[in-house]
$ cat input09.cif   # mmCIF, C-alpha atoms
data_entry
#
loop_
_atom_site.label_atom_id
_atom_site.label_comp_id
_atom_site.auth_asym_id
_atom_site.auth_seq_id
_atom_site.Cartn_x
_atom_site.Cartn_y
_atom_site.Cartn_z
CA VAL A 1 0.73 39.97 -8.47
CA ARG A 2 3.73 39.71 -6.17
CA SER A 3 5.27 42.86 -7.66
CA HIS A 4 2.00 44.74 -7.33
CA TRP A 5 1.62 43.58 -3.73
CA ILE A 6 5.10 44.76 -2.72
CA SER A 7 4.34 48.31 -3.85
CA ARG A 8 0.66 48.47 -2.95
CA ARG A 9 0.01 45.70 -0.51
CA PRO A 10 -3.30 45.87 1.38
CA ARG A 11 -3.04 47.62 4.71
CA ASN A 12 -6.39 46.46 5.97
CA SER A 13 -6.17 43.43 8.29
CA GLU A 14 -9.10 41.78 6.50
CA GLU A 15 -7.87 42.45 2.97
CA ARG A 16 -4.46 40.94 3.58
CA PRO A 17 -5.62 37.35 4.27
CA SER A 18 -8.11 37.61 1.40
CA HIS A 19 -5.42 38.66 -1.07
CA ALA A 20 -2.98 36.10 0.31
CA THR A 21 -5.51 33.31 -0.07
CA ALA A 22 -6.06 34.16 -3.73
CA VAL A 23 -2.34 34.17 -4.48
CA LEU A 24 -1.72 30.96 -2.50
CA ILE A 25 -4.49 29.20 -4.41
CA CYS A 26 -2.75 30.14 -7.66
CA LEU A 27 0.58 28.92 -6.30
CA ALA A 28 -0.97 25.62 -5.17
CA ILE A 29 -2.51 25.04 -8.60
CA ALA A 30 0.77 25.89 -10.32
CA ALA A 31 2.74 23.65 -7.96
CA SER A 32 0.36 20.79 -8.62
CA ALA A 33 0.75 21.28 -12.38
CA MET A 34 4.53 21.30 -12.07
CA GLY A 35 4.26 18.10 -10.05
CA SER A 36 2.42 16.46 -12.93
CA ILE A 37 5.21 17.53 -15.30
CA ARG A 38 7.81 16.19 -12.85
CA SER A 39 6.13 12.78 -12.79
CA ASP A 40 5.88 12.61 -16.59
CA LYS A 41 8.56 10.13 -17.64
CA SER A 42 8.61 11.55 -21.17
CA CYS A 43 9.56 15.02 -19.92
CA ASP A 44 13.29 15.69 -20.12
CA ASP A 45 13.21 19.13 -18.53
CA ASP A 46 14.50 19.35 -14.99
CA VAL A 47 11.83 21.19 -13.02
CA ALA A 48 13.55 23.18 -10.31
CA TYR A 49 10.82 25.49 -9.14
CA ASP A 50 9.75 23.65 -5.99
CA ASP A 51 11.80 25.72 -3.55
CA ASP A 52 10.75 28.92 -5.35
CA PHE A 53 7.09 28.07 -4.88
CA ILE A 54 7.56 27.41 -1.18
CA ALA A 55 9.72 30.49 -0.60
CA LEU A 56 7.19 32.72 -2.34
CA ALA A 57 4.30 31.12 -0.41
CA ASN A 58 6.11 31.85 2.85
CA LYS A 59 6.54 35.52 1.86
CA ILE A 60 2.90 35.86 0.87
CA ALA A 61 1.69 34.29 4.13
CA ALA A 62 4.05 36.49 6.14
CA ARG A 63 2.59 39.59 4.50
CA ALA A 64 -0.93 38.48 5.30
CA LEU A 65 -0.37 37.60 8.96
CA SER A 66 1.54 39.44 11.62
CA GLY A 67 5.23 38.58 11.62
CA GLU A 68 5.09 37.14 15.12
CA THR A 69 2.13 34.91 14.31
CA PHE A 70 3.67 33.64 11.12
CA ARG A 71 7.00 32.91 12.79
CA GLY A 72 5.14 30.94 15.44
CA ILE A 73 3.39 28.91 12.74
CA LEU A 74 6.65 28.12 10.94
CA THR A 75 8.35 27.25 14.23
CA ASP A 76 5.67 24.62 14.84
CA ALA A 77 5.76 23.41 11.24
CA GLN A 78 9.52 22.95 11.28
CA ALA A 79 9.79 21.48 14.76
CA PRO A 80 10.64 17.77 15.14
CA PRO A 81 7.70 15.46 15.87
CA GLY A 82 6.64 15.64 19.51
CA SER A 83 8.06 19.11 20.12
CA PRO A 84 5.89 21.49 22.16
CA LEU A 85 3.94 23.95 20.02
CA SER A 86 4.77 27.63 19.99
CA SER A 87 2.75 29.97 22.18
CA ARG A 88 2.28 32.27 19.17
CA ARG A 89 -0.91 30.59 18.00
CA PRO A 90 -3.03 32.07 15.22
CA SER A 91 -6.60 33.04 15.95
CA SER A 92 -9.48 30.85 14.84
CA ASP A 93 -10.54 33.49 12.29
CA SER A 94 -11.58 31.76 9.07
CA GLN A 95 -9.43 34.07 6.93
CA VAL A 96 -6.32 33.13 8.91
CA ALA A 97 -7.27 29.46 8.63
CA ALA A 98 -7.63 29.91 4.87
CA VAL A 99 -4.10 31.31 4.59
CA ILE A 100 -2.68 28.38 6.57
CA ASN A 101 -4.78 25.91 4.57
CA PHE A 102 -3.45 27.04 1.19
CA LEU A 103 0.08 27.45 2.51
CA ALA A 104 -0.09 23.78 3.52
CA ARG A 105 -1.31 22.87 0.04
CA VAL A 106 1.67 24.63 -1.55
CA TYR A 107 4.01 22.68 0.76
CA ALA A 108 2.26 19.43 -0.17
CA SER A 109 2.03 20.11 -3.92
CA ALA A 110 5.46 21.65 -4.44
CA GLY A 111 7.43 19.77 -1.81
CA THR A 112 9.72 17.00 -2.97
CA LYS A 113 11.50 16.57 0.36
CA GLU A 114 10.42 15.04 3.63
CA LYS A 115 10.71 18.33 5.49
CA ASP A 116 8.19 19.94 3.11
CA VAL A 117 5.73 17.09 3.55
CA THR A 118 6.16 17.24 7.32
CA ARG A 119 5.37 20.95 7.30
CA ALA A 120 2.24 20.32 5.26
CA LYS A 121 1.07 17.66 7.74
CA VAL A 122 1.72 19.89 10.74
CA LEU A 123 -0.11 22.84 9.20
CA VAL A 124 -3.10 20.69 8.26
CA GLN A 125 -3.33 19.27 11.78
CA TYR A 126 -2.65 22.72 13.19
CA ILE A 127 -5.99 24.13 12.01
CA MET A 128 -8.09 20.99 12.41
CA PRO A 129 -8.94 21.51 16.12
CA ARG A 130 -9.77 25.16 15.43
CA GLN A 131 -12.12 24.50 12.55
CA LYS A 132 -13.72 21.18 13.51
CA GLY A 133 -17.48 21.45 13.44
CA MET A 134 -20.62 21.13 11.38
CA HIS A 135 -19.74 23.98 8.99
CA SER A 136 -15.95 23.96 9.00
CA HIS A 137 -14.19 24.73 5.74
CA PHE A 138 -10.51 24.33 6.60
CA PRO A 139 -8.48 22.35 6.06
CA ASN A 140 -10.47 21.71 2.92
CA THR A 141 -10.62 18.37 1.16
CA LYS A 142 -8.26 19.30 -1.67
CA THR A 143 -5.57 20.31 0.81
CA ILE A 144 -6.04 17.12 2.83
CA ASN A 145 -5.79 15.04 -0.34
CA ALA A 146 -2.70 16.89 -1.55
CA THR A 147 -1.03 16.20 1.81
CA LEU A 148 -1.95 12.51 1.75
CA GLU A 149 -0.58 12.26 -1.79
CA ALA A 150 2.65 13.92 -0.64
CA VAL A 151 3.03 11.41 2.20
CA LEU A 152 2.49 8.56 -0.24
CA ARG A 153 5.15 9.97 -2.55
CA LEU A 154 7.68 9.63 0.25
CA TYR A 155 6.95 5.93 0.66
CA GLN A 156 6.68 5.22 -3.05
CA GLY A 157 10.10 6.72 -3.72
CA THR A 158 8.99 9.66 -5.85
CA ALA A 159 9.96 12.18 -3.19
CA THR A 160 13.24 12.67 -1.37
CA ASN A 161 13.85 11.57 2.19
CA ASP A 162 16.34 14.32 2.87
CA VAL A 163 17.23 13.24 6.40
CA THR A 164 19.23 10.35 7.76
CA HIS A 165 16.52 8.81 9.94
CA PRO A 166 13.81 6.44 8.64
CA LEU A 167 10.39 7.82 7.80
CA ASP A 168 8.18 8.21 10.86
CA GLU A 169 5.51 5.60 10.16
CA THR A 170 3.89 6.05 13.57
CA ALA A 171 3.39 9.78 12.95
CA ASP A 172 1.96 9.06 9.52
CA LEU A 173 -0.47 6.53 10.96
CA ILE A 174 -1.60 9.12 13.49
CA PHE A 175 -2.02 11.63 10.68
CA ALA A 176 -4.14 9.18 8.66
CA ASP A 177 -6.35 8.43 11.68
CA THR A 178 -6.72 12.16 12.37
CA VAL A 179 -7.75 12.82 8.77
CA LEU A 180 -10.33 10.03 8.88
CA ASN A 181 -11.90 11.31 12.10
CA PHE A 182 -11.92 14.91 10.90
CA THR A 183 -13.36 14.07 7.48
CA THR A 184 -16.24 12.03 8.85
CA SER A 185 -17.05 14.39 11.73
CA ARG A 186 -17.61 17.46 9.59
CA ARG A 187 -19.42 15.98 6.60
CA THR A 188 -23.16 16.74 6.62
CA THR A 189 -23.88 16.72 2.89
CA ALA A 190 -23.51 14.16 0.14
CA PRO A 191 -19.84 13.22 -0.35
CA THR A 192 -18.10 14.72 -3.36
CA PRO A 193 -15.60 12.98 -5.64
CA ASP A 194 -12.86 14.73 -3.62
CA ASP A 195 -14.24 13.11 -0.44
CA GLU A 196 -14.19 9.72 -2.14
CA ARG A 197 -10.59 10.41 -3.14
CA THR A 198 -9.72 11.01 0.53
CA PHE A 199 -10.93 7.53 1.49
CA ASP A 200 -9.06 6.01 -1.44
CA LEU A 201 -5.83 7.74 -0.37
CA LEU A 202 -6.29 6.57 3.22
CA MET A 203 -6.61 3.01 1.96
CA ASN A 204 -3.45 3.49 -0.10
CA LEU A 205 -1.54 4.84 2.90
CA TYR A 206 -2.61 1.98 5.18
CA THR A 207 -1.60 -0.44 2.40
CA VAL A 208 1.88 1.07 2.22
CA LEU A 209 2.39 1.32 5.99
CA ARG A 210 0.95 -2.15 6.76
CA PRO A 211 0.40 -1.65 10.52
CA SER A 212 -0.29 -4.79 12.56
CA ASP A 213 -4.00 -3.86 12.72
CA VAL A 214 -4.25 -2.91 9.05
CA GLY A 215 -7.44 -4.95 8.60
CA GLN A 216 -9.19 -3.15 11.42
CA ARG A 217 -8.14 0.25 10.06
CA MET A 218 -9.41 -0.61 6.59
CA GLU A 219 -12.67 -1.86 8.05
CA GLU A 220 -13.08 1.52 9.74
CA VAL A 221 -12.39 3.42 6.50
CA ALA A 222 -14.96 1.30 4.64
CA SER A 223 -17.51 1.69 7.44
CA GLN A 224 -17.13 5.48 7.54
CA PHE A 225 -17.38 5.66 3.76
CA GLU A 226 -20.57 3.60 3.83
CA THR A 227 -22.03 5.93 6.45
CA LEU A 228 -21.36 8.97 4.27
CA ILE A 229 -22.67 7.34 1.11
CA TYR A 230 -25.90 5.99 2.55
CA SER A 231 -26.73 8.88 4.90
CA SER A 232 -26.39 11.55 2.20
CA PRO A 233 -26.65 9.76 -1.12
CA ARG A 234 -25.23 11.34 -4.25
CA PRO A 235 -26.41 10.09 -7.66
CA GLY A 236 -23.93 7.60 -9.00
CA ALA A 237 -21.98 7.32 -5.74
CA SER A 238 -21.73 3.95 -4.06
CA PRO A 239 -19.09 1.74 -2.44
CA SER A 240 -17.21 -0.33 -4.99
CA LEU A 241 -16.26 -3.97 -4.85
CA ASP A 242 -12.64 -2.87 -5.09
CA LEU A 243 -13.03 -1.06 -1.75
CA TYR A 244 -14.03 -4.31 -0.05
CA LYS A 245 -11.28 -6.28 -1.82
CA ARG A 246 -8.81 -4.01 -0.10
CA VAL A 247 -10.46 -4.66 3.25
CA PHE A 248 -10.14 -8.41 2.67
CA TRP A 249 -6.48 -7.86 1.79
CA GLY A 250 -6.00 -5.93 5.03
CA LEU A 251 -7.60 -8.73 7.03
CA TRP A 252 -5.30 -11.21 5.30
CA VAL A 253 -2.22 -9.17 6.25
CA GLU A 254 -3.46 -8.75 9.82
CA ALA A 255 -4.23 -12.47 10.15
CA GLN A 256 -0.54 -13.24 9.63
CA SER A 257 0.26 -11.66 12.98
CA ILE A 258 0.36 -14.00 15.97
CA GLU A 259 -1.53 -11.32 17.93
CA ALA A 260 -4.42 -11.01 15.44
CA ARG A 261 -7.90 -12.02 16.56
CA ARG A 262 -11.05 -13.08 14.67
CA CYS A 263 -9.76 -12.06 11.24
CA SER A 264 -11.38 -15.03 9.51
CA LYS A 265 -14.70 -14.38 11.26
CA ARG A 266 -14.58 -10.69 10.35
CA ALA A 267 -13.88 -11.65 6.73
CA LEU A 268 -16.93 -13.93 6.75
CA LEU A 269 -19.12 -11.17 8.21
CA LEU A 270 -17.99 -8.83 5.44
CA LEU A 271 -18.76 -11.53 2.87
CA ASP A 272 -22.23 -11.90 4.44
CA LYS A 273 -22.79 -8.16 4.02
CA LEU A 274 -21.84 -8.22 0.34
CA GLU A 275 -24.11 -11.17 -0.32
CA MET A 276 -27.06 -9.54 1.45
CA LEU A 277 -26.56 -6.24 -0.37
CA SER A 278 -26.28 -7.82 -3.80
CA THR A 279 -28.15 -11.10 -3.89
CA PRO A 280 -31.95 -11.64 -3.78
CA PHE A 281 -32.49 -14.86 -1.83
CA VAL A 282 -36.04 -15.65 -2.98
CA LEU A 283 -36.59 -14.01 -6.35
CA SER A 284 -34.33 -14.10 -9.37
CA ARG A 285 -32.79 -10.88 -10.65
CA LYS A 286 -35.27 -10.94 -13.54
CA GLN A 287 -38.18 -11.23 -11.11
CA VAL A 288 -36.81 -8.41 -9.00
CA ALA A 289 -36.63 -6.21 -12.11
CA ALA A 290 -40.22 -7.12 -13.00
CA ILE A 291 -41.53 -5.75 -9.71
CA GLY A 292 -39.35 -2.64 -9.87
CA GLY A 293 -37.07 -3.66 -7.02
CA MET A 294 -33.70 -3.27 -8.71
CA ASN A 295 -32.85 -0.24 -6.57
CA LEU A 296 -33.09 -2.41 -3.45
CA TYR A 297 -29.87 -4.22 -4.29
CA GLU A 298 -26.28 -3.26 -5.08
CA PHE A 299 -25.65 -5.79 -7.82
CA ASN A 300 -22.21 -4.34 -8.45
CA LEU A 301 -21.21 -5.66 -5.00
CA ALA A 302 -21.95 -9.30 -5.84
CA PRO A 303 -19.01 -11.36 -4.56
CA THR A 304 -16.85 -12.82 -7.31
CA SER A 305 -14.76 -15.99 -7.14
CA LYS A 306 -11.84 -13.70 -6.27
CA ILE A 307 -13.67 -12.44 -3.17
CA TYR A 308 -14.29 -15.99 -1.92
CA ASP A 309 -10.65 -16.77 -2.60
CA LEU A 310 -9.58 -13.77 -0.52
CA VAL A 311 -11.62 -15.02 2.43
CA LEU A 312 -10.00 -18.43 2.10
CA ASN A 313 -6.57 -16.75 2.08
CA VAL A 314 -7.38 -15.12 5.41
CA CYS A 315 -8.23 -18.55 6.82
CA VAL A 316 -5.18 -20.32 5.40
CA ASP A 317 -2.70 -17.71 6.62
CA THR A 318 -4.14 -17.25 10.10
CA ALA A 319 -1.05 -17.40 12.32
CA ALA A 320 -2.45 -17.61 15.86
CA PRO A 321 -2.92 -21.28 16.89
CA GLY A 322 -5.92 -20.31 18.99
CA GLU A 323 -7.64 -19.11 15.83
CA TYR A 324 -7.17 -22.33 13.80
CA GLU A 325 -10.56 -23.80 14.71
CA MET A 326 -12.42 -20.64 13.73
CA ALA A 327 -10.42 -20.31 10.51
CA ALA A 328 -11.27 -23.90 9.53
CA GLN A 329 -14.97 -23.35 10.25
CA VAL A 330 -15.01 -20.20 8.14
CA ALA A 331 -13.11 -21.93 5.32
CA CYS A 332 -15.65 -24.77 5.31
CA GLU A 333 -18.55 -22.29 5.27
CA VAL A 334 -17.01 -20.58 2.25
CA GLY A 335 -16.61 -24.02 0.67
CA ARG A 336 -20.34 -24.73 1.21
CA ARG A 337 -21.27 -21.48 -0.48
CA LEU A 338 -19.01 -22.22 -3.42
CA LEU A 339 -20.69 -25.60 -3.76
CA GLN A 340 -24.12 -23.96 -3.74
CA ARG A 341 -23.02 -21.56 -6.48
CA LYS A 342 -21.18 -24.28 -8.38
CA ALA A 343 -18.29 -21.83 -8.65
CA PHE A 344 -15.59 -23.70 -6.79
CA ARG A 345 -12.15 -24.56 -8.07
CA GLN A 346 -9.56 -27.14 -7.13
CA THR A 347 -7.58 -24.43 -5.32
CA ALA A 348 -10.55 -23.89 -2.99
CA ALA A 349 -10.46 -27.54 -1.94
CA GLU A 350 -6.71 -27.28 -1.30
CA LYS A 351 -7.09 -24.22 0.88
CA VAL A 352 -9.90 -25.69 2.94
CA GLN A 353 -7.82 -28.86 3.34
CA LYS A 354 -4.89 -26.83 4.68
CA CYS A 355 -7.13 -25.28 7.31
CA VAL A 356 -8.55 -28.66 8.34
CA ASP A 357 -5.11 -30.28 8.50
CA ARG A 358 -4.07 -27.87 11.28
CA LEU A 359 -6.81 -29.08 13.61
CA PRO A 360 -6.14 -31.72 16.25
CA SER A 361 -7.49 -35.16 15.39
CA GLU A 362 -9.88 -35.05 18.36
CA SER A 363 -11.72 -32.01 17.00
CA VAL A 364 -15.45 -32.80 17.03
CA SER A 365 -16.13 -31.10 13.68
CA ILE A 366 -13.19 -32.42 11.71
CA PHE A 367 -15.16 -35.19 9.94
CA ALA A 368 -17.84 -32.80 8.67
CA MET A 369 -15.09 -30.48 7.47
CA LYS A 370 -13.33 -33.27 5.60
CA ASP A 371 -16.63 -34.06 3.90
CA ILE A 372 -16.72 -30.51 2.55
CA VAL A 373 -13.22 -31.01 1.13
CA LEU A 374 -14.28 -34.22 -0.61
CA GLN A 375 -17.28 -32.44 -2.15
CA LEU A 376 -15.07 -29.62 -3.40
CA GLU A 377 -12.74 -32.22 -4.93
CA GLY A 378 -15.71 -33.86 -6.62
CA LYS A 379 -15.22 -37.17 -4.78
CA VAL A 380 -18.68 -37.22 -3.21
#
$ encode --input "input09.cif" --output "structure tokens"
Amino acid sequence: VRSHWISRRPRNSEERPSHATAVLICLAIAASAMGSIRSDKSCDDDVAYDDDFIALANKIAARALSGETFRGILTDAQAPPGSPLSSRRPSSDSQVAAVINFLARVYASAGTKEKDVTRAKVLVQYIMPRQKGMHSHFPNTKTINATLEAVLRLYQGTATNDVTHPLDETADLIFADTVLNFTTSRRTTAPTPDDERTFDLLMNLYTVLRPSDVGQRMEEVASQFETLIYSSPRPGASPSLDLYKRVFWGLWVEAQSIEARRCSKRALLLLDKLEMLSTPFVLSRKQVAAIGGMNLYEFNLAPTSKIYDLVLNVCVDTAAPGEYEMAAQVACEVGRRLLQRKAFRQTAAEKVQKCVDRLPSESVSIFAMKDIVLQLEGKV
């Protein structure tokens, strides 16, 4: 195709982006396939085509766009974070956006170096403001996901940090937030598996970066995912218990900061939600099935003993002294629920005891809390 294009390249300004998009899609697919081979531990061949893919993608994009426009795009993509953008901005034409979109995907799929990943991020963000809206197509979900995967490869050590400075975690957090806002603002139909993958990758990135407000960020991801799922349901699509486990983990990490606030209470509210979504409070599950009400509940979200343990971990590891009272109250409430379900373990009693031990002796509720501990230990 490249050889044919050199000799007979389209002269029409509309045909050029269309042809370029087709070729860039092929390059992106090929680059992704080569990436799979690269990650295969059983493959002994040294795959050295990454730079070739990117160089060819640059040539194809340059042929599709005017030279000045393309140089302006690359100037912005290669500029250090925070640099002013070039004045040579591409138009908002959807064909131009398509070329940039698939060029970014080639960078993300083929790139094994930080500079390639940075270019992919810049290009993705470059067209977001131009295409944001009810019917926007670019950057598309596959390109966003490929870029998120590329960022994760940098932190997981499967890509090369080819510069001397540390990775820019702040810029990557901003990118993740931008992706979340863009993804949720444009979605008007039922989420696809690719959309679900975006939320999963965002969770992975927040897990790796571990910002001080990681719990809050994960709560936002889960909330936005719930909105998409329940507003435009797709058969078989629903939030998973694993999604909420990761939110609890984020709250636990956040609670360990002296600046964190209400992490234990937020964990309890999330536990309340899971119980309400999954547990009939009057009828048994068999009775619910008898009246045809099974679709009213998400039984797959029923909290397990692991979930209750995660909430207790948030309480035990709360670092802010001003939060100790709340953490102890939440821990005791979790203990009560474990007693009701007869699902408690000795470790639960130990964790509740740790929370109670941090309270001052003059605390008005300390005796009731100690009673919960005794019940969990089986001494009452």
$ atom_distance --input "input09.cif" --atom1 "CA of Gln256 in chain A" --atom2 "CA of Ala319 in chain A"
5.0 Å
$ resolve_selection --input "input09.cif" --expression "the PyMOL selection byres ((chain A and resi 250-255) around 12)" --output "PyMOL selection string"
chain A and resi 203-222+243-249+256-270+307+309-324+327
$ atom_distance --input "input09.cif" --atom1 "CA of Leu274 in chain A" --atom2 "CA of Ala302 in chain A"
6.3 Å
$ axis_aligned_box --input "input09.cif" --around "range 204-216 of chain A" --padding-each-side "3 Å" --output "JSON"
{"center_x": -3.4, "center_y": -0.1, "center_z": 6.3, "size_x": 17.6, "size_y": 15.8, "size_z": 18.8}
$ closest_residue --input "input09.cif" --among "A:Gly335, A:Met369, A:Thr143, A:Leu123" --to "Phe70 in chain A" --atoms "only C-alpha atoms"
A:Leu123
$ atom_distance --input "input09.cif" --atom1 "CA of Val330 in chain A" --atom2 "CA of Lys273 in chain A"
14.9 Å
$ closest_residue --input "input09.cif" --among "A:Ala31, A:Ala62, A:Leu277, A:Leu202" --to "Phe225 in chain A" --atoms "all atoms listed in the file"
A:Leu202
$ closest_residue --input "input09.cif" --among "A:Leu241, A:Ala120, A:Ile60, A:Ala328" --to "Ala146 in chain A" --atoms "all atoms listed in the file"
A:Ala120
$ closest_residue --input "input09.cif" --among "A:Asn58, A:Gln346, A:Ser363, A:Thr112" --to "Ile73 in chain A" --atoms "only C-alpha atoms"
A:Asn58
$ residues_around --input "input09.cif" --residues "range 18-22 of chain A" --least-positions-apart "2" --cutoff "7 Å" --atoms "all atoms listed in the file" --output "compact mmCIF listing (two decimals) with C-alpha atoms, keeping the file's coordinate frame"
# COMPACT_ATOMS: atom_id res chain seq x y z
CA GLU A 14 -9.10 41.78 6.50
CA GLU A 15 -7.87 42.45 2.97
CA ARG A 16 -4.46 40.94 3.58
CA LEU A 24 -1.72 30.96 -2.50
CA ILE A 25 -4.49 29.20 -4.41
CA CYS A 26 -2.75 30.14 -7.66
CA ILE A 60 2.90 35.86 0.87
CA ALA A 61 1.69 34.29 4.13
CA ALA A 64 -0.93 38.48 5.30
CA GLN A 95 -9.43 34.07 6.93
CA ALA A 98 -7.63 29.91 4.87
CA VAL A 99 -4.10 31.31 4.59
CA PHE A 102 -3.45 27.04 1.19
